[in-house]
Each structure stands twice: as structure tokens, then as C-alpha cells.
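So this block is entry22.txt, compact mmCIF, N, CA and C atoms:
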# COMPACT_ATOMS: atom_id res chain seq x y z
N ALA A 893 8.63 16.92 -12.55
CA ALA A 893 9.26 16.61 -13.82
C ALA A 893 10.74 17.03 -13.80
N ASN A 894 11.03 18.18 -13.20
CA ASN A 894 12.42 18.63 -13.13
C ASN A 894 13.26 17.70 -12.26
N PHE A 895 12.67 17.24 -11.14
CA PHE A 895 13.41 16.34 -10.26
C PHE A 895 13.70 15.03 -10.97
N ARG A 896 12.71 14.51 -11.68
CA ARG A 896 12.88 13.24 -12.38
C ARG A 896 13.97 13.37 -13.46
N PHE A 897 14.00 14.51 -14.16
CA PHE A 897 15.03 14.73 -15.17
C PHE A 897 16.42 14.78 -14.53
N MET A 898 16.54 15.46 -13.39
CA MET A 898 17.83 15.53 -12.70
C MET A 898 18.26 14.15 -12.18
N GLU A 899 17.30 13.39 -11.66
CA GLU A 899 17.61 12.04 -11.18
C GLU A 899 18.09 11.17 -12.34
N ASN A 900 17.39 11.22 -13.47
CA ASN A 900 17.79 10.42 -14.63
C ASN A 900 19.16 10.83 -15.13
N SER A 901 19.44 12.13 -15.13
CA SER A 901 20.75 12.61 -15.58
C SER A 901 21.86 12.12 -14.67
N LEU A 902 21.64 12.20 -13.36
CA LEU A 902 22.66 11.74 -12.41
C LEU A 902 22.88 10.23 -12.54
N ILE A 903 21.82 9.48 -12.72
CA ILE A 903 21.97 8.03 -12.86
C ILE A 903 22.76 7.70 -14.13
N GLU A 904 22.51 8.44 -15.19
CA GLU A 904 23.28 8.22 -16.42
C GLU A 904 24.75 8.60 -16.23
N LEU A 905 25.02 9.64 -15.46
CA LEU A 905 26.42 9.99 -15.16
C LEU A 905 27.09 8.93 -14.30
N LEU A 906 26.34 8.35 -13.38
CA LEU A 906 26.89 7.32 -12.51
C LEU A 906 27.21 6.04 -13.29
N ARG A 907 26.54 5.84 -14.40
CA ARG A 907 26.79 4.65 -15.23
C ARG A 907 28.16 4.70 -15.90
N LEU A 908 28.76 5.87 -16.00
CA LEU A 908 30.00 6.02 -16.76
C LEU A 908 31.19 5.33 -16.10
N GLU A 909 31.32 5.46 -14.80
CA GLU A 909 32.47 4.86 -14.10
C GLU A 909 32.00 4.27 -12.77
N ASP A 910 32.23 2.98 -12.61
CA ASP A 910 31.72 2.26 -11.44
C ASP A 910 32.37 2.70 -10.13
N ALA A 911 33.67 2.91 -10.13
CA ALA A 911 34.37 3.28 -8.89
C ALA A 911 33.93 4.64 -8.39
N THR A 912 33.79 5.59 -9.29
CA THR A 912 33.34 6.93 -8.90
C THR A 912 31.89 6.89 -8.44
N ALA A 913 31.08 6.08 -9.10
CA ALA A 913 29.67 5.96 -8.72
C ALA A 913 29.55 5.39 -7.31
N TYR A 914 30.34 4.36 -7.02
CA TYR A 914 30.28 3.75 -5.70
C TYR A 914 30.73 4.73 -4.63
N ARG A 915 31.82 5.44 -4.90
CA ARG A 915 32.34 6.41 -3.93
C ARG A 915 31.33 7.51 -3.66
N SER A 916 30.73 8.03 -4.72
CA SER A 916 29.73 9.10 -4.56
C SER A 916 28.50 8.61 -3.81
N ALA A 917 28.04 7.43 -4.16
CA ALA A 917 26.86 6.88 -3.48
C ALA A 917 27.15 6.61 -2.01
N TYR A 918 28.33 6.10 -1.73
CA TYR A 918 28.70 5.82 -0.34
C TYR A 918 28.72 7.09 0.49
N VAL A 919 29.31 8.14 -0.05
CA VAL A 919 29.39 9.41 0.68
C VAL A 919 27.99 9.98 0.93
N CYS A 920 27.15 9.92 -0.07
CA CYS A 920 25.79 10.47 0.08
C CYS A 920 24.95 9.65 1.05
N LEU A 921 25.07 8.32 0.99
CA LEU A 921 24.34 7.49 1.94
C LEU A 921 24.85 7.68 3.36
N ARG A 922 26.13 7.90 3.49
CA ARG A 922 26.69 8.19 4.81
C ARG A 922 26.13 9.51 5.36
N GLN A 923 25.98 10.48 4.47
CA GLN A 923 25.41 11.77 4.88
C GLN A 923 23.95 11.60 5.31
N LEU A 924 23.19 10.79 4.59
CA LEU A 924 21.80 10.51 4.99
C LEU A 924 21.76 9.82 6.34
N ALA A 925 22.68 8.90 6.57
CA ALA A 925 22.74 8.21 7.86
C ALA A 925 23.08 9.17 8.99
N LEU A 926 23.96 10.14 8.72
CA LEU A 926 24.30 11.13 9.75
C LEU A 926 23.12 12.05 10.06
N VAL A 927 22.34 12.39 9.05
CA VAL A 927 21.13 13.19 9.29
C VAL A 927 20.17 12.41 10.18
N LEU A 928 20.00 11.13 9.89
CA LEU A 928 19.13 10.29 10.71
C LEU A 928 19.66 10.16 12.12
N ARG A 929 20.96 9.98 12.26
CA ARG A 929 21.57 9.87 13.59
C ARG A 929 21.39 11.15 14.39
N ASN A 930 21.63 12.29 13.76
CA ASN A 930 21.49 13.56 14.47
C ASN A 930 20.05 13.82 14.88
N ALA A 931 19.11 13.41 14.04
CA ALA A 931 17.69 13.59 14.40
C ALA A 931 17.30 12.64 15.52
N SER A 932 17.85 11.44 15.52
CA SER A 932 17.54 10.47 16.57
C SER A 932 18.10 10.90 17.91
N LEU A 933 19.31 11.46 17.87
CA LEU A 933 19.93 11.90 19.12
C LEU A 933 19.61 13.35 19.45
N ASN A 934 18.89 14.01 18.53
CA ASN A 934 18.52 15.42 18.67
C ASN A 934 19.76 16.30 18.79
N ILE A 935 20.71 16.06 17.91
CA ILE A 935 21.94 16.84 17.87
C ILE A 935 21.86 17.80 16.70
N ASP A 936 22.14 19.05 16.93
CA ASP A 936 22.20 20.03 15.86
C ASP A 936 23.66 20.28 15.53
N PRO A 937 24.15 19.83 14.37
CA PRO A 937 25.58 20.00 14.08
C PRO A 937 26.01 21.45 14.01
N LYS A 938 25.13 22.37 13.65
CA LYS A 938 25.49 23.78 13.58
C LYS A 938 25.73 24.35 14.97
N LYS A 939 24.94 23.90 15.95
CA LYS A 939 25.13 24.40 17.31
C LYS A 939 26.43 23.89 17.92
N THR A 940 26.78 22.64 17.64
CA THR A 940 28.02 22.12 18.20
C THR A 940 29.23 22.81 17.58
N LYS A 941 29.15 23.16 16.29
CA LYS A 941 30.25 23.89 15.66
C LYS A 941 30.36 25.30 16.25
N ALA A 942 29.21 25.91 16.53
CA ALA A 942 29.23 27.26 17.11
C ALA A 942 29.82 27.22 18.52
N LYS A 943 29.55 26.15 19.27
CA LYS A 943 30.12 26.03 20.61
C LYS A 943 31.62 25.84 20.55
N GLU A 944 32.07 25.07 19.55
CA GLU A 944 33.50 24.84 19.42
C GLU A 944 34.23 26.14 19.08
N LYS A 945 33.62 26.98 18.27
CA LYS A 945 34.26 28.22 17.87
C LYS A 945 34.10 29.30 18.93
N GLY A 946 33.23 29.05 19.90
CA GLY A 946 33.03 30.02 20.95
C GLY A 946 32.01 31.09 20.58
N LYS A 947 31.29 30.88 19.50
CA LYS A 947 30.29 31.85 19.06
C LYS A 947 28.91 31.36 19.44
N LYS A 948 28.02 32.31 19.64
CA LYS A 948 26.64 31.96 19.90
C LYS A 948 25.84 32.20 18.64
N GLY A 949 24.55 31.84 18.65
CA GLY A 949 23.70 31.89 17.48
C GLY A 949 23.58 33.25 16.83
N GLN A 950 23.71 34.34 17.56
CA GLN A 950 23.63 35.72 17.10
C GLN A 950 22.36 35.98 16.31
N GLY A 951 21.24 35.40 16.79
CA GLY A 951 19.94 35.70 16.21
C GLY A 951 19.59 34.94 14.95
N LYS A 952 20.46 34.10 14.45
CA LYS A 952 20.15 33.34 13.25
C LYS A 952 19.24 32.17 13.60
N GLN A 953 18.32 31.91 12.70
CA GLN A 953 17.47 30.73 12.85
C GLN A 953 18.26 29.53 12.36
N GLN A 954 18.52 28.59 13.25
CA GLN A 954 19.26 27.41 12.85
C GLN A 954 18.28 26.26 12.62
N GLU A 955 18.57 25.46 11.59
CA GLU A 955 17.69 24.36 11.23
C GLU A 955 17.76 23.27 12.29
N GLN A 956 16.62 22.81 12.71
CA GLN A 956 16.55 21.74 13.68
C GLN A 956 16.89 20.42 13.01
N PRO A 957 17.49 19.48 13.74
CA PRO A 957 17.86 18.20 13.13
C PRO A 957 16.65 17.40 12.66
N LEU A 958 15.51 17.56 13.33
CA LEU A 958 14.31 16.85 12.89
C LEU A 958 13.82 17.39 11.55
N GLN A 959 13.92 18.69 11.35
CA GLN A 959 13.51 19.28 10.08
C GLN A 959 14.42 18.81 8.94
N ALA A 960 15.68 18.58 9.23
CA ALA A 960 16.59 18.06 8.21
C ALA A 960 16.21 16.64 7.82
N LEU A 961 15.63 15.90 8.78
CA LEU A 961 15.22 14.53 8.49
C LEU A 961 13.93 14.48 7.69
N ILE A 962 12.94 15.25 8.10
CA ILE A 962 11.62 15.12 7.46
C ILE A 962 11.42 16.09 6.31
N GLY A 963 12.46 16.78 5.91
CA GLY A 963 12.34 17.73 4.81
C GLY A 963 12.43 17.06 3.44
N TRP A 964 12.07 17.83 2.43
CA TRP A 964 12.10 17.32 1.07
C TRP A 964 13.49 16.93 0.58
N PRO A 965 14.56 17.62 0.96
CA PRO A 965 15.87 17.17 0.49
C PRO A 965 16.20 15.74 0.90
N PHE A 966 15.84 15.36 2.11
CA PHE A 966 16.09 13.98 2.57
C PHE A 966 15.25 13.00 1.77
N ILE A 967 13.99 13.32 1.56
CA ILE A 967 13.09 12.42 0.84
C ILE A 967 13.52 12.27 -0.62
N ARG A 968 13.87 13.40 -1.26
CA ARG A 968 14.29 13.34 -2.66
C ARG A 968 15.60 12.57 -2.82
N SER A 969 16.53 12.75 -1.90
CA SER A 969 17.79 12.02 -2.01
C SER A 969 17.58 10.53 -1.72
N LEU A 970 16.69 10.21 -0.81
CA LEU A 970 16.35 8.81 -0.55
C LEU A 970 15.75 8.17 -1.80
N SER A 971 14.88 8.90 -2.46
CA SER A 971 14.29 8.42 -3.70
C SER A 971 15.34 8.26 -4.80
N LEU A 972 16.22 9.24 -4.92
CA LEU A 972 17.28 9.18 -5.93
C LEU A 972 18.17 7.97 -5.73
N TRP A 973 18.65 7.76 -4.52
CA TRP A 973 19.58 6.66 -4.28
C TRP A 973 18.88 5.32 -4.33
N THR A 974 17.59 5.28 -4.06
CA THR A 974 16.83 4.05 -4.26
C THR A 974 16.81 3.68 -5.73
N ARG A 975 16.54 4.66 -6.58
CA ARG A 975 16.54 4.40 -8.03
C ARG A 975 17.93 4.05 -8.53
N ALA A 976 18.96 4.73 -8.02
CA ALA A 976 20.32 4.48 -8.48
C ALA A 976 20.82 3.10 -8.05
N VAL A 977 20.60 2.75 -6.80
CA VAL A 977 21.06 1.45 -6.29
C VAL A 977 20.33 0.31 -6.99
N SER A 978 19.06 0.51 -7.27
CA SER A 978 18.31 -0.58 -7.90
C SER A 978 18.60 -0.71 -9.39
N SER A 979 19.13 0.33 -10.02
CA SER A 979 19.36 0.24 -11.46
C SER A 979 20.82 0.03 -11.85
N LEU A 980 21.75 0.28 -10.94
CA LEU A 980 23.17 0.12 -11.27
C LEU A 980 23.76 -1.08 -10.54
N PRO A 981 24.29 -2.04 -11.28
CA PRO A 981 24.86 -3.23 -10.62
C PRO A 981 26.04 -2.92 -9.71
N SER A 982 26.78 -1.88 -10.02
CA SER A 982 27.95 -1.55 -9.18
C SER A 982 27.54 -1.02 -7.81
N LEU A 983 26.31 -0.56 -7.68
CA LEU A 983 25.84 0.00 -6.40
C LEU A 983 25.03 -1.00 -5.58
N ARG A 984 24.87 -2.21 -6.07
CA ARG A 984 24.07 -3.20 -5.34
C ARG A 984 24.58 -3.47 -3.93
N PRO A 985 25.90 -3.45 -3.67
CA PRO A 985 26.35 -3.67 -2.29
C PRO A 985 25.86 -2.59 -1.31
N LEU A 986 25.43 -1.44 -1.82
CA LEU A 986 24.92 -0.38 -0.94
C LEU A 986 23.43 -0.49 -0.67
N SER A 987 22.81 -1.56 -1.13
CA SER A 987 21.37 -1.70 -0.93
C SER A 987 21.02 -1.89 0.55
N TYR A 988 21.83 -2.64 1.28
CA TYR A 988 21.53 -2.84 2.70
C TYR A 988 21.70 -1.56 3.52
N PRO A 989 22.78 -0.78 3.35
CA PRO A 989 22.83 0.49 4.09
C PRO A 989 21.68 1.44 3.73
N LEU A 990 21.29 1.45 2.46
CA LEU A 990 20.15 2.28 2.05
C LEU A 990 18.87 1.79 2.72
N TYR A 991 18.69 0.49 2.78
CA TYR A 991 17.53 -0.10 3.45
C TYR A 991 17.50 0.30 4.92
N MET A 992 18.66 0.25 5.57
CA MET A 992 18.70 0.58 7.00
C MET A 992 18.41 2.06 7.24
N VAL A 993 18.89 2.94 6.38
CA VAL A 993 18.62 4.37 6.53
C VAL A 993 17.13 4.65 6.32
N ALA A 994 16.55 4.08 5.28
CA ALA A 994 15.12 4.31 5.00
C ALA A 994 14.25 3.72 6.11
N LEU A 995 14.60 2.54 6.58
CA LEU A 995 13.83 1.91 7.65
C LEU A 995 13.96 2.70 8.95
N GLY A 996 15.16 3.14 9.27
CA GLY A 996 15.36 3.94 10.48
C GLY A 996 14.60 5.26 10.43
N ALA A 997 14.58 5.89 9.26
CA ALA A 997 13.84 7.15 9.12
C ALA A 997 12.34 6.91 9.27
N ALA A 998 11.85 5.83 8.69
CA ALA A 998 10.42 5.52 8.81
C ALA A 998 10.05 5.20 10.25
N LYS A 999 10.87 4.42 10.92
CA LYS A 999 10.58 4.06 12.31
C LYS A 999 10.68 5.26 13.24
N HIS A 1000 11.54 6.21 12.91
CA HIS A 1000 11.72 7.38 13.77
C HIS A 1000 10.45 8.21 13.85
N ARG A 1001 9.69 8.30 12.78
CA ARG A 1001 8.49 9.11 12.74
C ARG A 1001 7.23 8.28 12.61
N LEU A 1002 7.30 6.99 12.89
CA LEU A 1002 6.18 6.08 12.65
C LEU A 1002 4.97 6.37 13.52
N THR A 1003 5.18 6.74 14.75
CA THR A 1003 4.06 6.91 15.67
C THR A 1003 3.33 8.23 15.50
N SER A 1004 3.92 9.16 14.78
CA SER A 1004 3.30 10.47 14.62
C SER A 1004 2.49 10.51 13.33
N MET A 1005 1.20 10.69 13.43
CA MET A 1005 0.35 10.77 12.24
C MET A 1005 0.57 12.08 11.51
N GLN A 1006 1.13 13.06 12.17
CA GLN A 1006 1.45 14.33 11.53
C GLN A 1006 2.50 14.13 10.44
N HIS A 1007 3.37 13.16 10.62
CA HIS A 1007 4.45 12.90 9.67
C HIS A 1007 4.16 11.69 8.80
N PHE A 1008 2.89 11.34 8.63
CA PHE A 1008 2.54 10.18 7.81
C PHE A 1008 3.03 10.29 6.37
N PRO A 1009 2.95 11.46 5.70
CA PRO A 1009 3.48 11.52 4.33
C PRO A 1009 4.97 11.19 4.25
N PHE A 1010 5.73 11.62 5.24
CA PHE A 1010 7.16 11.28 5.27
C PHE A 1010 7.36 9.78 5.39
N VAL A 1011 6.61 9.15 6.30
CA VAL A 1011 6.71 7.71 6.49
C VAL A 1011 6.28 6.99 5.21
N TYR A 1012 5.24 7.51 4.57
CA TYR A 1012 4.77 6.91 3.32
C TYR A 1012 5.86 6.94 2.25
N HIS A 1013 6.56 8.04 2.12
CA HIS A 1013 7.64 8.13 1.13
C HIS A 1013 8.78 7.17 1.46
N CYS A 1014 9.11 7.04 2.74
CA CYS A 1014 10.17 6.10 3.13
C CYS A 1014 9.76 4.66 2.82
N LEU A 1015 8.51 4.30 3.14
CA LEU A 1015 8.04 2.95 2.86
C LEU A 1015 7.92 2.70 1.36
N SER A 1016 7.56 3.72 0.62
CA SER A 1016 7.49 3.60 -0.83
C SER A 1016 8.88 3.35 -1.42
N SER A 1017 9.89 4.03 -0.89
CA SER A 1017 11.27 3.79 -1.34
C SER A 1017 11.72 2.38 -1.00
N LEU A 1018 11.36 1.92 0.19
CA LEU A 1018 11.71 0.55 0.57
C LEU A 1018 11.03 -0.47 -0.33
N ASN A 1019 9.77 -0.22 -0.64
CA ASN A 1019 9.02 -1.12 -1.51
C ASN A 1019 9.63 -1.14 -2.91
N GLN A 1020 9.99 0.01 -3.42
CA GLN A 1020 10.62 0.10 -4.74
C GLN A 1020 11.97 -0.61 -4.74
N LEU A 1021 12.73 -0.44 -3.68
CA LEU A 1021 14.04 -1.10 -3.58
C LEU A 1021 13.87 -2.62 -3.60
N GLY A 1022 12.92 -3.11 -2.84
CA GLY A 1022 12.68 -4.55 -2.80
C GLY A 1022 12.20 -5.11 -4.13
N SER A 1023 11.33 -4.39 -4.80
CA SER A 1023 10.81 -4.91 -6.06
C SER A 1023 11.85 -4.85 -7.17
N GLN A 1024 12.67 -3.81 -7.21
CA GLN A 1024 13.68 -3.70 -8.25
C GLN A 1024 14.83 -4.69 -8.05
N LEU A 1025 15.17 -4.95 -6.80
CA LEU A 1025 16.25 -5.89 -6.52
C LEU A 1025 15.76 -7.33 -6.40
N GLU A 1026 14.45 -7.51 -6.47
CA GLU A 1026 13.82 -8.81 -6.30
C GLU A 1026 14.26 -9.46 -4.99
N ALA A 1027 14.15 -8.67 -3.94
CA ALA A 1027 14.52 -9.13 -2.61
C ALA A 1027 13.36 -8.84 -1.66
N PHE A 1028 13.29 -9.61 -0.59
CA PHE A 1028 12.24 -9.41 0.39
C PHE A 1028 12.61 -8.25 1.31
N VAL A 1029 11.73 -7.27 1.39
CA VAL A 1029 11.92 -6.14 2.28
C VAL A 1029 10.71 -6.11 3.22
N PRO A 1030 10.90 -6.44 4.49
CA PRO A 1030 9.76 -6.55 5.40
C PRO A 1030 9.24 -5.18 5.85
N ILE A 1031 8.15 -4.75 5.23
CA ILE A 1031 7.53 -3.49 5.65
C ILE A 1031 6.11 -3.71 6.15
N SER A 1032 5.64 -4.95 6.14
CA SER A 1032 4.26 -5.20 6.54
C SER A 1032 4.01 -4.86 8.01
N SER A 1033 5.00 -5.13 8.87
CA SER A 1033 4.81 -4.81 10.29
C SER A 1033 4.71 -3.30 10.50
N LEU A 1034 5.43 -2.53 9.70
CA LEU A 1034 5.33 -1.07 9.79
C LEU A 1034 3.96 -0.58 9.31
N LEU A 1035 3.45 -1.20 8.27
CA LEU A 1035 2.13 -0.83 7.78
C LEU A 1035 1.03 -1.14 8.79
N VAL A 1036 1.16 -2.29 9.44
CA VAL A 1036 0.18 -2.66 10.48
C VAL A 1036 0.26 -1.68 11.63
N GLU A 1037 1.46 -1.27 11.99
CA GLU A 1037 1.63 -0.30 13.07
C GLU A 1037 0.99 1.05 12.72
N ILE A 1038 1.13 1.47 11.47
CA ILE A 1038 0.52 2.73 11.03
C ILE A 1038 -0.99 2.62 11.06
N LEU A 1039 -1.53 1.50 10.55
CA LEU A 1039 -2.98 1.31 10.53
C LEU A 1039 -3.56 1.20 11.93
N SER A 1040 -2.82 0.61 12.85
CA SER A 1040 -3.31 0.52 14.22
C SER A 1040 -3.29 1.90 14.90
N ALA A 1041 -2.42 2.78 14.45
CA ALA A 1041 -2.39 4.12 15.03
C ALA A 1041 -3.58 4.94 14.55
N LEU A 1042 -4.18 4.57 13.43
CA LEU A 1042 -5.35 5.29 12.93
C LEU A 1042 -6.59 5.06 13.80
N THR A 1043 -6.67 3.89 14.43
CA THR A 1043 -7.87 3.57 15.22
C THR A 1043 -7.77 4.04 16.64

Structure rendered as C-alpha cells:
Amino acid sequence: ANFRFMENSLIELLRLEDATAYRSAYVCLRQLALVLRNASLNIDPKKTKAKEKGKKGQGKQQEQPLQALIGWPFIRSLSLWTRAVSSLPSLRPLSYPLYMVALGAAKHRLTSMQHFPFVYHCLSSLNQLGSQLEAFVPISSLLVEILSALT
């Protein structure tokens, strides 16, 4: 309930000015794409920064790039931007980048049944995006792939 209230509040704030809404959405979607890229390439941005500074981990637990991808912050932000892009006309041009990020995240963890809830949330966001925009979003092949992994 708290997340839904925050999402609704942010969407109402984004309705106030189209240029600011587009800029904010673009930056956030770019950040989601970078999280997906780092998880795909298995790059930890904190480790590369530590190498550049010449410092080592010094015993700190650093977040793995895969955990950044399959964690709740990624899923909640994917859900938020799906709702925002589908409800605000000024953000409609960002529907394709959002689709690509959600599809890439779902495909990245598709073969692992351990991460099925994550894949389910990504496919649910894709389905919601397609239905709200009244556009065809091909997720049937991904569903067949998941069902074939069950057998």
C-alpha cells in the first residue's frame, strides 16, 4: 500500500511538467539499463571505482551486480516506470526503451527457476505496458520457454 501511494504521488508530480517528466524518466530508465548491462557483463561498478582509486575492499561486503538486477528496487522501479509511461502521454516515446530493459531482464534470468518470481514480475510489467498502450508485446515465446523448463 505504501509503494502504491508513492507511485501514485510520483506519477501525479510527473503530470505537472512534461519536459521535466521526460528528463527524469529518461535518466531513471538509463540507470535501469546500466544495472542490466552490468549484470549481463558481470561488472561491479563499486569494484571498478575502488580499483581506479587504488583502494581495495577493506572487508566491506559489496553488492553483486546480479543482486542489483534481481532485487526489489529494480522490480519496483520497473513497475513504477511501466505505470508512468503507460499513463502519461509525454512519456510514450520511452515505451520502447522500457520494453527492451524489461525484456532483457526477463531473458537474463529466464532459464533459472530459482528466479522465476523475478521473471514473472518482468513479464507482468511487459503485459501491463502492452495492454495500457494497446500495443502488441510478444511475451508468449518467453512463457513457453518457462513452461518447457518446468518439465

Proximity to Val977 (chain A) - best of A:Leu1015, A:Leu906, A:Ala925, A:Ala931, only C-alpha atoms: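 Among A:Leu1015, A:Leu906, A:Ala925, A:Ala931, it is A:Leu906 that comes nearest to Val977 (chain A).
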
DSSP helix (DSSP H, G or I) residues within chain A, as a ChimeraX atom specification: /A:894-906,910-933,937-945,957-962,964-979,981-1000,1005-1025,1032-1042

Two-atom distance - CA of Glu899 (chain A), atom C of Glu1026 (chain A) (Å):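 Answer for the CA of Glu899 (chain A) to atom C of Glu1026 (chain A) separation: 22.6 Å.
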
Atomic distance atom C of Gln1020 (chain A) - CA of Ser978 (chain A), expressed in Å with one decimal: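 We find that atom C of Gln1020 (chain A) and CA of Ser978 (chain A) lie 7.1 Å from each other.
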
Atomic separation - atom C of Ser969 (chain A) relative to atom C of Cys920 (chain A), Å: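 Interatomic distance here is 7.9 Å.
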
Close residues, Ser982 (chain A) itself excluded, 8 Å, only N, CA and C atoms, min 6 positions apart in chain, as a list in words: Glu909, Asp910, Ala911, Ala913, Tyr914 and Ala976 of chain A

Non-local contacts of region 985-996 of chain A (8 Å; all atoms listed in the file; under 4 positions in same chain excluded) as a ChimeraX atom specification: /A:917-918,921-922,924-925,928,970,973-974,977-978,980-981,1000-1002,1013-1015,1017-1018,1021

Within 8 Å of Thr1003 (chain A) using all atoms listed in the file, minus same-chain residues under 3 positions, as a list in words: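 The residues satisfying every condition are Ala998, Lys999, His1000, Gln1006, His1007, Phe1008, Glu1037, Ile1038 and Ala1041 of chain A.
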
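Proximity of A:Leu1025, A:Pro1030, A:Ser901, A:Arg929 to Leu983 (chain A), computed with only C-alpha atoms, is greatest for A:Leu1025.
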
Distance criterion (all atoms listed in the file): nearest to Ser971 (chain A) out of A:Ser1004, A:Gln923, A:Ser1016, A:Pro957: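 For Ser971 (chain A), the nearest of the candidates is A:Ser1016.
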